[in-house]
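So this one's run.cif, mmCIF, C-alpha atoms:
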```
data_final
loop_
_atom_site.label_atom_id
_atom_site.label_comp_id
_atom_site.auth_asym_id
_atom_site.auth_seq_id
_atom_site.Cartn_x
_atom_site.Cartn_y
_atom_site.Cartn_z
CA MET G 91 -113.66 158.52 54.15
CA ARG G 92 -115.80 156.05 52.85
CA HIS G 93 -119.37 154.29 51.81
CA ARG G 94 -122.29 152.00 51.08
CA SER G 95 -125.12 149.85 52.33
CA LEU G 96 -125.31 146.39 53.85
CA LEU G 97 -126.34 143.51 56.06
CA MET G 98 -128.48 142.52 58.92
CA LEU G 99 -126.54 139.46 60.05
CA THR G 100 -126.74 138.25 63.61
CA THR G 101 -123.78 139.57 65.56
CA VAL G 102 -121.97 136.83 67.32
CA ILE G 103 -120.43 137.94 70.58
CA THR G 104 -118.04 135.58 72.22
CA THR G 105 -118.68 134.61 75.80
CA GLY G 106 -116.01 133.96 78.35
CA ALA G 107 -112.39 134.98 78.26
CA LEU G 108 -109.76 132.67 76.88
CA THR G 109 -107.92 130.73 79.54
CA LEU G 110 -104.21 131.33 79.82
CA THR G 111 -101.85 128.44 80.30
CA ALA G 112 -98.55 128.24 82.08
CA CYS G 113 -96.76 127.51 78.81
CA GLY G 114 -97.41 131.01 77.51
CA SER G 115 -100.35 130.25 75.20
CA ARG G 116 -104.12 130.37 75.45
CA ASP G 117 -105.99 127.13 75.86
CA ASP G 118 -108.44 126.27 73.09
CA SER G 119 -111.94 127.30 74.09
CA LYS G 120 -114.86 125.45 72.58
CA GLY G 121 -117.15 127.48 70.33
CA ASN G 122 -120.90 126.99 70.03
CA SER G 123 -120.32 124.08 67.68
CA GLY G 124 -118.35 122.26 70.34
CA SER G 125 -115.18 122.25 68.27
CA ASP G 126 -111.88 122.60 70.09
CA LYS G 127 -110.73 125.87 68.62
CA THR G 128 -109.56 129.13 70.15
CA THR G 129 -112.01 131.95 69.54
CA VAL G 130 -110.55 135.12 68.02
CA VAL G 131 -112.89 138.08 67.57
CA ILE G 132 -112.53 140.72 64.88
CA GLY G 133 -114.41 143.87 65.83
CA VAL G 134 -116.20 146.14 63.38
CA ASP G 135 -117.07 149.77 64.02
CA ALA G 136 -119.19 151.60 61.45
CA PRO G 137 -122.40 153.63 61.13
CA LEU G 138 -124.93 150.80 61.02
CA THR G 139 -127.88 153.14 61.48
CA GLY G 140 -128.50 156.72 60.44
CA SER G 141 -127.87 158.56 57.19
CA LEU G 142 -124.59 156.76 56.42
CA SER G 143 -125.79 153.26 57.26
CA ALA G 144 -125.64 152.31 53.58
CA LEU G 145 -121.86 152.48 53.83
CA GLY G 146 -121.62 150.96 57.28
CA GLN G 147 -123.64 147.90 56.44
CA GLY G 148 -121.40 147.25 53.43
CA ILE G 149 -118.35 147.32 55.67
CA LYS G 150 -119.93 144.97 58.19
CA ASN G 151 -121.11 142.43 55.60
CA SER G 152 -117.77 142.27 53.85
CA VAL G 153 -115.92 141.63 57.10
CA ASP G 154 -118.44 138.93 57.93
CA LEU G 155 -117.74 137.29 54.57
CA ALA G 156 -113.98 137.34 55.19
CA ILE G 157 -114.46 135.69 58.57
CA LYS G 158 -116.74 133.03 57.16
CA THR G 159 -114.25 132.33 54.38
CA ALA G 160 -111.37 132.00 56.84
CA ASN G 161 -113.32 129.58 59.02
CA LYS G 162 -114.52 127.52 56.06
CA ASN G 163 -111.00 127.17 54.67
CA ASN G 164 -109.40 126.63 58.09
CA GLU G 165 -107.14 129.56 57.26
CA VAL G 166 -105.64 129.54 60.76
CA PRO G 167 -105.61 125.99 62.14
CA GLY G 168 -106.93 125.84 65.68
CA VAL G 169 -108.62 129.25 65.48
CA GLU G 170 -112.28 130.11 64.91
CA PHE G 171 -112.93 133.72 63.97
CA LYS G 172 -116.05 135.58 65.06
CA ILE G 173 -117.34 139.10 64.50
CA GLU G 174 -118.53 141.76 66.93
CA SER G 175 -120.00 144.75 65.14
CA LEU G 176 -120.82 148.04 66.86
CA ASP G 177 -122.76 151.05 65.58
CA ASP G 178 -121.09 154.46 65.87
CA GLN G 179 -123.80 156.37 63.91
CA ALA G 180 -120.93 158.44 62.47
CA VAL G 181 -120.58 160.14 65.88
CA PRO G 182 -117.05 160.45 67.36
CA ALA G 183 -118.19 160.00 70.97
CA SER G 184 -119.95 156.76 70.06
CA GLY G 185 -116.86 155.56 68.27
CA GLN G 186 -114.71 156.22 71.32
CA SER G 187 -117.17 154.33 73.52
CA ASN G 188 -117.18 151.43 71.07
CA ALA G 189 -113.37 151.39 71.05
CA ALA G 190 -113.33 151.04 74.82
CA LYS G 191 -115.85 148.19 74.63
CA LEU G 192 -113.80 146.32 72.04
CA VAL G 193 -110.62 146.81 74.05
CA GLY G 194 -112.42 145.37 77.06
CA ASP G 195 -113.08 142.07 75.27
CA LYS G 196 -109.78 140.17 75.46
CA ASN G 197 -110.82 137.92 72.58
CA VAL G 198 -110.73 140.89 70.20
CA LEU G 199 -107.37 140.86 68.38
CA GLY G 200 -108.16 143.39 65.67
CA VAL G 201 -110.76 145.93 64.56
CA VAL G 202 -111.97 146.95 61.11
CA GLY G 203 -113.26 150.51 60.83
CA PRO G 204 -114.46 153.12 61.17
CA LEU G 205 -115.95 154.77 58.09
CA ASN G 206 -115.46 158.40 59.13
CA SER G 207 -112.10 160.08 59.71
CA GLY G 208 -113.54 162.18 62.53
CA VAL G 209 -114.70 159.05 64.32
CA ALA G 210 -111.28 157.47 63.83
CA GLN G 211 -109.63 160.39 65.60
CA SER G 212 -111.64 159.61 68.72
CA MET G 213 -110.70 155.91 68.66
CA GLN G 214 -107.01 155.84 67.79
CA GLY G 215 -105.63 156.60 71.24
CA VAL G 216 -107.83 153.99 72.90
CA PHE G 217 -106.66 151.25 70.55
CA ASN G 218 -103.03 152.34 70.66
CA THR G 219 -102.86 152.21 74.46
CA ALA G 220 -104.23 148.66 74.35
CA LYS G 221 -101.92 147.68 71.45
CA LEU G 222 -105.02 146.60 69.53
CA VAL G 223 -104.61 146.86 65.76
CA GLN G 224 -107.11 148.96 63.80
CA VAL G 225 -107.45 148.72 60.02
CA SER G 226 -109.81 151.17 58.34
CA PRO G 227 -111.21 150.46 54.87
CA ALA G 228 -112.45 153.99 54.39
CA ASN G 229 -110.64 156.75 56.35
CA THR G 230 -108.83 159.14 54.06
CA ASN G 231 -107.66 162.08 56.21
CA PRO G 232 -103.82 162.18 56.03
CA ALA G 233 -103.35 163.33 59.64
CA LEU G 234 -104.57 159.99 60.97
CA SER G 235 -101.39 158.28 59.83
CA GLN G 236 -98.93 161.10 59.09
CA GLY G 237 -99.64 163.57 61.90
CA ASP G 238 -101.09 167.06 61.99
CA ASN G 239 -98.12 168.66 60.22
CA TRP G 240 -98.23 166.39 57.16
CA ALA G 241 -99.04 169.31 54.85
CA LYS G 242 -95.72 170.96 55.83
CA GLY G 243 -93.81 167.81 54.96
CA ASP G 244 -93.28 166.95 58.63
CA LEU G 245 -94.57 163.36 58.64
CA LYS G 246 -94.80 161.65 62.02
CA ARG G 247 -96.95 158.60 62.62
CA PRO G 248 -99.07 159.39 65.70
CA PHE G 249 -100.36 155.87 66.44
CA ALA G 250 -98.54 152.64 65.61
CA SER G 251 -101.79 150.66 65.92
CA TYR G 252 -103.49 152.43 63.00
CA PHE G 253 -103.53 151.10 59.42
CA ARG G 254 -105.79 151.60 56.42
CA THR G 255 -106.51 149.95 53.10
CA ALA G 256 -107.90 153.19 51.63
CA ALA G 257 -105.72 155.77 49.88
CA THR G 258 -105.49 159.14 51.63
CA ASP G 259 -107.03 162.43 50.59
CA VAL G 260 -103.58 163.66 49.54
CA VAL G 261 -103.95 161.21 46.68
CA GLN G 262 -107.70 161.57 46.14
CA GLY G 263 -107.90 165.36 46.32
CA LYS G 264 -105.05 165.87 43.87
CA PHE G 265 -106.40 163.20 41.53
CA ALA G 266 -109.78 164.96 41.47
CA ALA G 267 -108.23 168.36 40.78
CA GLN G 268 -106.13 166.95 37.97
CA TYR G 269 -109.19 165.36 36.36
CA TYR G 270 -111.27 168.54 36.64
CA TYR G 271 -108.50 170.71 35.17
CA ASN G 272 -106.85 168.41 32.62
CA ASP G 273 -109.71 166.16 31.51
CA ALA G 274 -112.93 168.09 32.16
CA LYS G 275 -111.19 171.38 31.26
CA LYS G 276 -112.64 173.29 34.22
CA ARG G 277 -111.00 176.57 35.15
CA LYS G 278 -113.26 178.34 37.68
CA VAL G 279 -114.41 176.23 40.64
CA PHE G 280 -116.59 177.07 43.62
CA ILE G 281 -115.60 174.98 46.67
CA VAL G 282 -118.01 173.90 49.42
CA ASP G 283 -117.31 171.69 52.44
CA ASP G 284 -119.29 170.32 55.40
CA LYS G 285 -116.82 171.52 58.08
CA GLN G 286 -116.04 167.93 59.07
CA THR G 287 -112.59 166.33 59.28
CA TYR G 288 -112.99 164.38 56.05
CA GLY G 289 -114.84 166.97 53.98
CA ALA G 290 -112.85 170.07 54.92
CA GLY G 291 -109.54 168.26 54.59
CA LEU G 292 -110.37 166.86 51.17
CA ALA G 293 -111.62 170.23 49.90
CA ALA G 294 -108.41 171.96 51.04
CA ILE G 295 -106.20 169.46 49.23
CA PHE G 296 -108.29 169.74 46.07
CA SER G 297 -108.15 173.55 46.25
CA ASP G 298 -104.36 173.69 46.55
CA GLU G 299 -103.83 171.33 43.61
CA PHE G 300 -106.42 173.03 41.39
CA LYS G 301 -104.75 176.39 41.92
CA ARG G 302 -101.30 174.89 41.37
CA LEU G 303 -102.46 173.63 37.99
CA GLY G 304 -103.60 177.12 36.99
CA GLY G 305 -107.28 176.99 37.95
CA LYS G 306 -109.08 179.66 39.94
CA VAL G 307 -111.21 179.25 43.07
CA VAL G 308 -113.98 181.80 42.54
CA GLY G 309 -115.74 181.24 45.85
CA THR G 310 -115.99 179.10 48.97
CA ASP G 311 -118.74 178.26 51.42
CA HIS G 312 -119.66 175.77 54.12
CA VAL G 313 -122.76 173.72 54.87
CA THR G 314 -123.86 171.99 58.05
CA VAL G 315 -124.33 168.24 58.31
CA LYS G 316 -127.98 167.11 58.55
CA GLU G 317 -129.32 170.43 57.28
CA THR G 318 -131.34 170.36 54.07
CA ASP G 319 -131.63 173.96 52.86
CA PHE G 320 -128.53 174.96 50.91
CA SER G 321 -130.25 177.52 48.71
CA ALA G 322 -128.04 180.37 49.95
CA THR G 323 -124.93 178.46 48.94
CA ALA G 324 -126.53 177.55 45.62
CA ASP G 325 -127.22 181.22 44.90
CA LYS G 326 -123.58 182.06 45.65
CA VAL G 327 -122.46 179.42 43.18
CA LYS G 328 -124.63 180.84 40.42
CA SER G 329 -123.57 184.44 40.97
CA SER G 330 -119.88 183.52 41.14
CA GLY G 331 -119.66 182.57 37.49
CA ALA G 332 -118.14 179.21 38.39
CA ASP G 333 -117.95 176.57 35.69
CA SER G 334 -117.84 173.80 38.30
CA VAL G 335 -118.37 172.98 41.98
CA TYR G 336 -116.27 170.82 44.28
CA PHE G 337 -117.89 169.50 47.46
CA GLY G 338 -116.01 168.05 50.41
CA GLY G 339 -118.49 165.96 52.36
CA GLN G 340 -120.91 163.03 52.29
CA TYR G 341 -123.75 162.07 49.98
CA PRO G 342 -126.76 163.18 52.10
CA GLU G 343 -125.70 166.82 51.90
CA GLY G 344 -123.93 166.48 48.54
CA GLY G 345 -127.01 165.22 46.73
CA LEU G 346 -129.17 168.04 48.06
CA LEU G 347 -126.50 170.62 47.29
CA SER G 348 -126.25 169.46 43.69
CA ASP G 349 -130.03 169.52 43.37
CA GLN G 350 -130.36 173.05 44.70
CA ILE G 351 -127.51 174.39 42.58
CA LYS G 352 -129.20 173.03 39.46
CA LYS G 353 -132.51 174.55 40.51
CA THR G 354 -130.94 178.01 40.36
CA GLY G 355 -130.35 177.44 36.66
CA ALA G 356 -126.59 177.06 37.05
CA LYS G 357 -125.59 174.42 34.53
CA VAL G 358 -122.38 173.30 36.24
CA PRO G 359 -121.29 169.91 37.53
CA THR G 360 -120.70 169.07 41.19
CA MET G 361 -117.74 166.88 42.02
CA GLY G 362 -116.84 165.23 45.32
CA GLY G 363 -114.81 162.46 46.84
CA ASP G 364 -115.76 158.93 47.78
CA GLY G 365 -118.09 160.41 50.37
CA ILE G 366 -120.63 161.17 47.63
CA TYR G 367 -120.00 158.11 45.48
CA ASP G 368 -123.22 156.34 46.37
CA PRO G 369 -126.59 155.79 44.65
CA ASN G 370 -128.17 157.85 47.42
CA PHE G 371 -126.36 160.94 46.14
CA ILE G 372 -128.37 160.59 42.96
CA SER G 373 -131.67 159.70 44.60
CA ALA G 374 -131.40 162.69 46.97
CA SER G 375 -131.71 165.07 44.04
CA GLY G 376 -134.96 165.93 42.32
CA GLU G 377 -133.00 167.31 39.38
CA SER G 378 -130.95 165.18 37.01
CA ASN G 379 -127.43 164.59 38.32
CA ASP G 380 -126.06 163.67 34.91
CA GLY G 381 -122.64 165.22 34.54
CA ASP G 382 -121.78 165.21 38.26
CA TYR G 383 -118.52 163.53 39.28
CA ALA G 384 -117.03 161.62 42.18
CA THR G 385 -113.66 160.06 42.87
CA SER G 386 -113.28 156.84 44.81
CA ILE G 387 -110.40 154.71 45.98
CA GLY G 388 -109.25 151.86 43.78
CA TYR G 389 -110.57 150.55 40.50
CA PRO G 390 -114.20 149.43 40.08
CA VAL G 391 -114.39 146.14 41.96
CA GLU G 392 -116.56 144.61 39.24
CA LYS G 393 -113.73 145.09 36.74
CA LEU G 394 -110.98 143.57 38.88
CA ALA G 395 -110.04 139.98 38.15
CA THR G 396 -108.93 139.74 41.79
CA ALA G 397 -112.47 140.52 42.97
CA LYS G 398 -114.41 137.89 41.03
CA GLN G 399 -114.50 135.36 43.87
CA PHE G 400 -115.43 138.05 46.40
CA ILE G 401 -118.38 139.15 44.26
CA THR G 402 -119.53 135.58 43.70
CA ASP G 403 -119.30 134.71 47.39
CA TYR G 404 -121.00 137.93 48.47
CA GLN G 405 -123.92 137.33 46.16
CA ALA G 406 -124.20 133.76 47.41
CA GLY G 407 -124.06 134.93 51.01
CA GLY G 408 -127.60 136.23 51.01
CA TYR G 409 -126.74 139.70 52.27
CA LYS G 410 -129.61 142.15 52.07
CA ASP G 411 -127.48 145.11 51.07
CA PRO G 412 -124.78 145.61 48.42
CA TYR G 413 -121.10 145.60 49.38
CA GLY G 414 -120.74 149.10 48.00
CA ALA G 415 -117.58 151.11 47.38
CA TYR G 416 -115.83 149.90 50.53
CA GLY G 417 -116.74 146.23 50.40
CA GLY G 418 -113.53 145.02 48.82
CA TYR G 419 -111.41 147.23 51.09
CA SER G 420 -113.31 145.97 54.15
CA TYR G 421 -112.74 142.37 53.15
CA ASP G 422 -109.04 143.10 52.65
CA ALA G 423 -108.86 144.90 56.01
CA ALA G 424 -110.33 141.87 57.78
CA TRP G 425 -108.06 139.52 55.80
CA THR G 426 -105.08 141.63 56.90
CA ILE G 427 -105.93 140.92 60.54
CA ILE G 428 -106.55 137.24 59.77
CA GLN G 429 -103.13 136.96 58.10
CA ALA G 430 -101.45 138.70 61.03
CA VAL G 431 -103.10 136.26 63.44
CA LYS G 432 -102.03 133.39 61.19
CA SER G 433 -98.40 134.52 61.34
CA VAL G 434 -98.44 134.93 65.11
CA VAL G 435 -100.05 131.54 65.72
CA ALA G 436 -97.61 129.82 63.38
CA ASP G 437 -94.71 131.36 65.28
CA ASN G 438 -96.12 130.12 68.60
CA ASP G 439 -96.42 126.40 67.92
CA GLY G 440 -99.98 126.69 66.60
CA LYS G 441 -101.44 128.49 69.61
CA VAL G 442 -102.62 132.03 70.30
CA PRO G 443 -100.02 133.56 72.67
CA ASP G 444 -100.78 135.44 75.86
CA ASP G 445 -99.50 138.70 74.37
CA ALA G 446 -101.43 138.16 71.15
CA ARG G 447 -102.53 141.77 70.66
CA GLU G 448 -99.02 143.17 70.69
CA LYS G 449 -97.73 140.45 68.38
CA VAL G 450 -100.67 140.77 65.96
CA LEU G 451 -100.05 144.52 65.85
CA ASP G 452 -96.39 143.96 64.99
CA ALA G 453 -97.27 141.33 62.37
CA THR G 454 -99.81 143.60 60.64
CA GLY G 455 -97.13 145.97 59.38
CA LYS G 456 -95.42 143.05 57.65
CA VAL G 457 -98.54 141.66 55.97
CA SER G 458 -98.47 141.41 52.19
CA PHE G 459 -100.91 139.48 50.01
CA ASP G 460 -102.95 139.64 46.83
CA GLY G 461 -106.36 140.84 47.96
CA VAL G 462 -109.73 141.66 46.49
CA THR G 463 -108.59 145.19 45.63
CA GLY G 464 -105.10 144.24 44.44
CA LYS G 465 -101.81 144.04 46.31
CA VAL G 466 -102.32 144.67 50.04
CA ALA G 467 -99.31 146.04 51.93
CA PHE G 468 -98.50 149.04 54.12
CA ASP G 469 -95.83 151.72 54.23
CA GLU G 470 -94.02 153.03 57.30
CA TYR G 471 -97.04 155.16 58.26
CA GLY G 472 -99.57 152.34 58.07
CA ASP G 473 -100.95 153.68 54.78
CA THR G 474 -101.77 151.40 51.90
CA THR G 475 -99.22 151.15 49.12
CA ASN G 476 -102.11 150.89 46.63
CA LYS G 477 -102.59 154.31 44.98
CA GLN G 478 -105.23 153.38 42.41
CA LEU G 479 -108.25 155.67 42.01
CA THR G 480 -111.26 156.09 39.74
CA VAL G 481 -113.35 159.02 38.55
CA TYR G 482 -117.07 158.30 38.18
CA GLU G 483 -119.65 160.36 36.33
CA VAL G 484 -123.43 160.26 36.63
CA LYS G 485 -124.80 159.13 33.28
CA SER G 486 -128.48 158.34 32.70
CA GLY G 487 -129.07 158.43 36.44
CA ALA G 488 -126.30 156.04 37.50
CA TRP G 489 -122.61 156.24 38.38
CA LYS G 490 -120.33 155.12 35.54
CA ASP G 491 -116.56 154.90 35.75
CA VAL G 492 -114.85 157.21 33.27
CA LYS G 493 -111.18 157.07 34.27
CA SER G 494 -109.07 154.74 36.42
CA ALA G 495 -105.37 155.28 37.02
CA THR G 496 -102.55 154.87 39.50
CA PHE G 497 -101.87 158.26 41.04
CA GLN G 498 -98.63 159.95 40.03
CA ASP G 499 -97.69 163.00 42.06
#
```

If you convert what's in this file into structure tokens, what do you get?
Amino acid sequence: MRHRSLLMLTTVITTGALTLTACGSRDDSKGNSGSDKTTVVIGVDAPLTGSLSALGQGIKNSVDLAIKTANKNNEVPGVEFKIESLDDQAVPASGQSNAAKLVGDKNVLGVVGPLNSGVAQSMQGVFNTAKLVQVSPANTNPALSQGDNWAKGDLKRPFASYFRTAATDVVQGKFAAQYYYNDAKKRKVFIVDDKQTYGAGLAAIFSDEFKRLGGKVVGTDHVTVKETDFSATADKVKSSGADSVYFGGQYPEGGLLSDQIKKTGAKVPTMGGDGIYDPNFISASGESNDGDYATSIGYPVEKLATAKQFITDYQAGGYKDPYGAYGGYSYDAAWTIIQAVKSVVADNDGKVPDDAREKVLDATGKVSFDGVTGKVAFDEYGDTTNKQLTVYEVKSGAWKDVKSATFQD
């Protein structure tokens, strides 16, 4: 899935459709500055309000920075990029409505988002029908790119328009289980999930790998999103004799679950995926979270030489919220679309072609560049080829990275 907080920038929505010419290209349309450049819109869909807005704002801000950088550097001569960001509130129906709105704007040639795998499921078909490329910086459910039978080894890409810069839960769930068993030396885990696409899927992958390694699942339970009383689950954890807990879900519920488990007197850590890797997981708990774990995609951005310019530019951009765990992946997702547009325009005598969406979609699968998060490229399913992950531990009330590695199955 994915995370973090950010921005309150003014959304710029382009007005007027681009005029088509008889020569098979779009005429340049003047932007607000009066410059003779064709406007290309990159859409953003994320939870910009609600309990996951911290993550959504980070996605939005980072895309905005990529667009501003492209325009400043004249990355695609003759093209001015603009952003249209829509709020899905982490609700699938809202995401589907937003997808239809973005498809309806002919200036939109690519979309970054969403955060939630469940929301993505509601959007994929809409984008695919319109041949509008979608690049998520945060979705991790394998079925989105490899089909519903991926766990049986029957991999079939359901939508050619879908790509992601985030590693899947196949990678993240196994990586977490291996750390718990091999590094943290845990043997008896109690597994809880929030019954959502991301959380339940991640928990299932973790469970299978933990048992394969020789660990035992001593109990399972489910919680409901937006509820706050998990005391019954906490009591089950304590009575199970578990030496650890794994939670598949997001930080609002994860933080409260960890808090309530600790209040029972059970001195066991809670671990989760990137859905809980957020400062709000810690602040949601009245008890100390020290010793809790989370996995997240990639290496810590602050420690990547490739991310130094991104961090500098983000800080200089005046954004009100941090870029968070998905900032670098959001920037790279937007830059993927920008590079695809660049390739298409270069192949069409410097103009945006009439069938730009289809050609940008085709070009996206061939994109390869050195991004904020490392090498950006995609496999035959639209999944990132970057399999780097990090385990974080809460120490002295803050997340600290404890292990980064490239996943080896």

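Restricting the calculation to only C-alpha atoms, the smallest distance between Asp298 (chain G) and any of G:Gly331, G:Pro137, G:Pro204, G:Gly263 is found for G:Gly263.
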
Practice task
Report as a VMD selection string the residues that result from applying the PyMOL selection byres ((chain G and resi 451) around 7) to the structure here.
Solution key: chain G and resid 221 to 223 251 447 to 450 452 to 454

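In this model, the gap between CA of Lys172 (chain G) and CA of Tyr421 (chain G) comes to 14.1 Å.
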
Handout entry: Between CA of Glu470 (chain G) and CA of Val209 (chain G), distance in Å (one decimal)
Key = 22.7 Å

Handout entry: Close residues, Pro232 (chain G) itself excluded, 8 Å, all atoms listed in the file, min 4 positions apart in chain, as a ChimeraX atom specification
Key = /G:236-237,240,258-260

Practice task
Name the residues captured by the PyMOL selection byres ((chain G and resi 338-353) around 7) when it is applied to the shown file; answer as a PyMOL selection string.
Solution key: chain G and resi 141+282-284+288-290+292-293+315+318+320-321+324+336-337+354-357+360+362-363+365-366+368+370-372+374-377

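Atom pair CA of Val169 (chain G) / CA of Ala156 (chain G) has a distance of 14.1 Å (rounded to one decimal).
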
Problem - Non-local contacts of Ala424 (chain G) (10 Å; all atoms listed in the file; under 5 positions in same chain excluded) as a ChimeraX atom specification - result: /G:132-134,149,152-157,160,200-203,224-227,419,429-430

Problem - Among the residues G:Ala136, G:Ala415, G:Val462, G:Ile428, the one that comes closest to Lys398 (chain G) [using all atoms listed in the file] - result: G:Val462

Practice task
Could you list the residues chosen by the PyMOL selection byres ((chain G and resi 471) around 12) in this structure as a list in words?
Solution key: Pro232, Ala233, Leu234, Ser235, Gln236, Gly237, Trp240, Leu245, Lys246, Arg247, Pro248, Phe249, Ala250, Ser251, Tyr252, Phe253, Arg254, Thr255, Thr258, Gly455, Ala467, Phe468, Asp469, Glu470, Gly472, Asp473, Thr474 and Thr475 of chain G

Which protein, DNA or RNA residues are at most 9 Å from (-119.0, 152.5, 56.7) in the file's coordinates when you count only C-alpha atoms, listed as a compact mmCIF listing (two decimals) with C-alpha atoms, keeping the file's coordinate frame?
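Resulting contents of part.txt:
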```
# COMPACT_ATOMS: atom_id res chain seq x y z
CA MET G 91 -113.66 158.52 54.15
CA ARG G 92 -115.80 156.05 52.85
CA HIS G 93 -119.37 154.29 51.81
CA ARG G 94 -122.29 152.00 51.08
CA SER G 95 -125.12 149.85 52.33
CA ASP G 135 -117.07 149.77 64.02
CA ALA G 136 -119.19 151.60 61.45
CA PRO G 137 -122.40 153.63 61.13
CA LEU G 138 -124.93 150.80 61.02
CA LEU G 142 -124.59 156.76 56.42
CA SER G 143 -125.79 153.26 57.26
CA ALA G 144 -125.64 152.31 53.58
CA LEU G 145 -121.86 152.48 53.83
CA GLY G 146 -121.62 150.96 57.28
CA GLN G 147 -123.64 147.90 56.44
CA GLY G 148 -121.40 147.25 53.43
CA ILE G 149 -118.35 147.32 55.67
CA LYS G 150 -119.93 144.97 58.19
CA ALA G 180 -120.93 158.44 62.47
CA GLY G 203 -113.26 150.51 60.83
CA PRO G 204 -114.46 153.12 61.17
CA LEU G 205 -115.95 154.77 58.09
CA ASN G 206 -115.46 158.40 59.13
CA PRO G 227 -111.21 150.46 54.87
CA ALA G 228 -112.45 153.99 54.39
CA TYR G 416 -115.83 149.90 50.53
```

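With all atoms listed in the file as the basis for measurement, G:Lys493 is the residue among G:Lys493, G:Lys242, G:Lys316, G:Lys456 that approaches Tyr389 (chain G) most closely.
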
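The residue that comes closest to Ile295 (chain G), out of G:Val307, G:Ala274, G:Ala267, G:Ala384 and on the basis of all atoms listed in the file, is G:Ala267.
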
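Counting only C-alpha atoms, Ala495 (chain G) has the following residues at most 10 Å away, ignoring those fewer than 3 positions along the same chain: Phe265, Gly388, Tyr389, Lys477, Gln478, Leu479, Thr480, Val481 and Gln498 of chain G.
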
Fill in the blank from the handout: With distances taken over all atoms listed in the file, the candidate from G:Thr128, G:Asn272, G:Asn379, G:Asn229 nearest Asp364 (chain G) is G:Asn229

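If you measure from each of G:Ser334, G:Thr219, G:Asn239, G:Thr396 to Tyr270 (chain G) using only C-alpha atoms, the closest one turns out to be G:Ser334.
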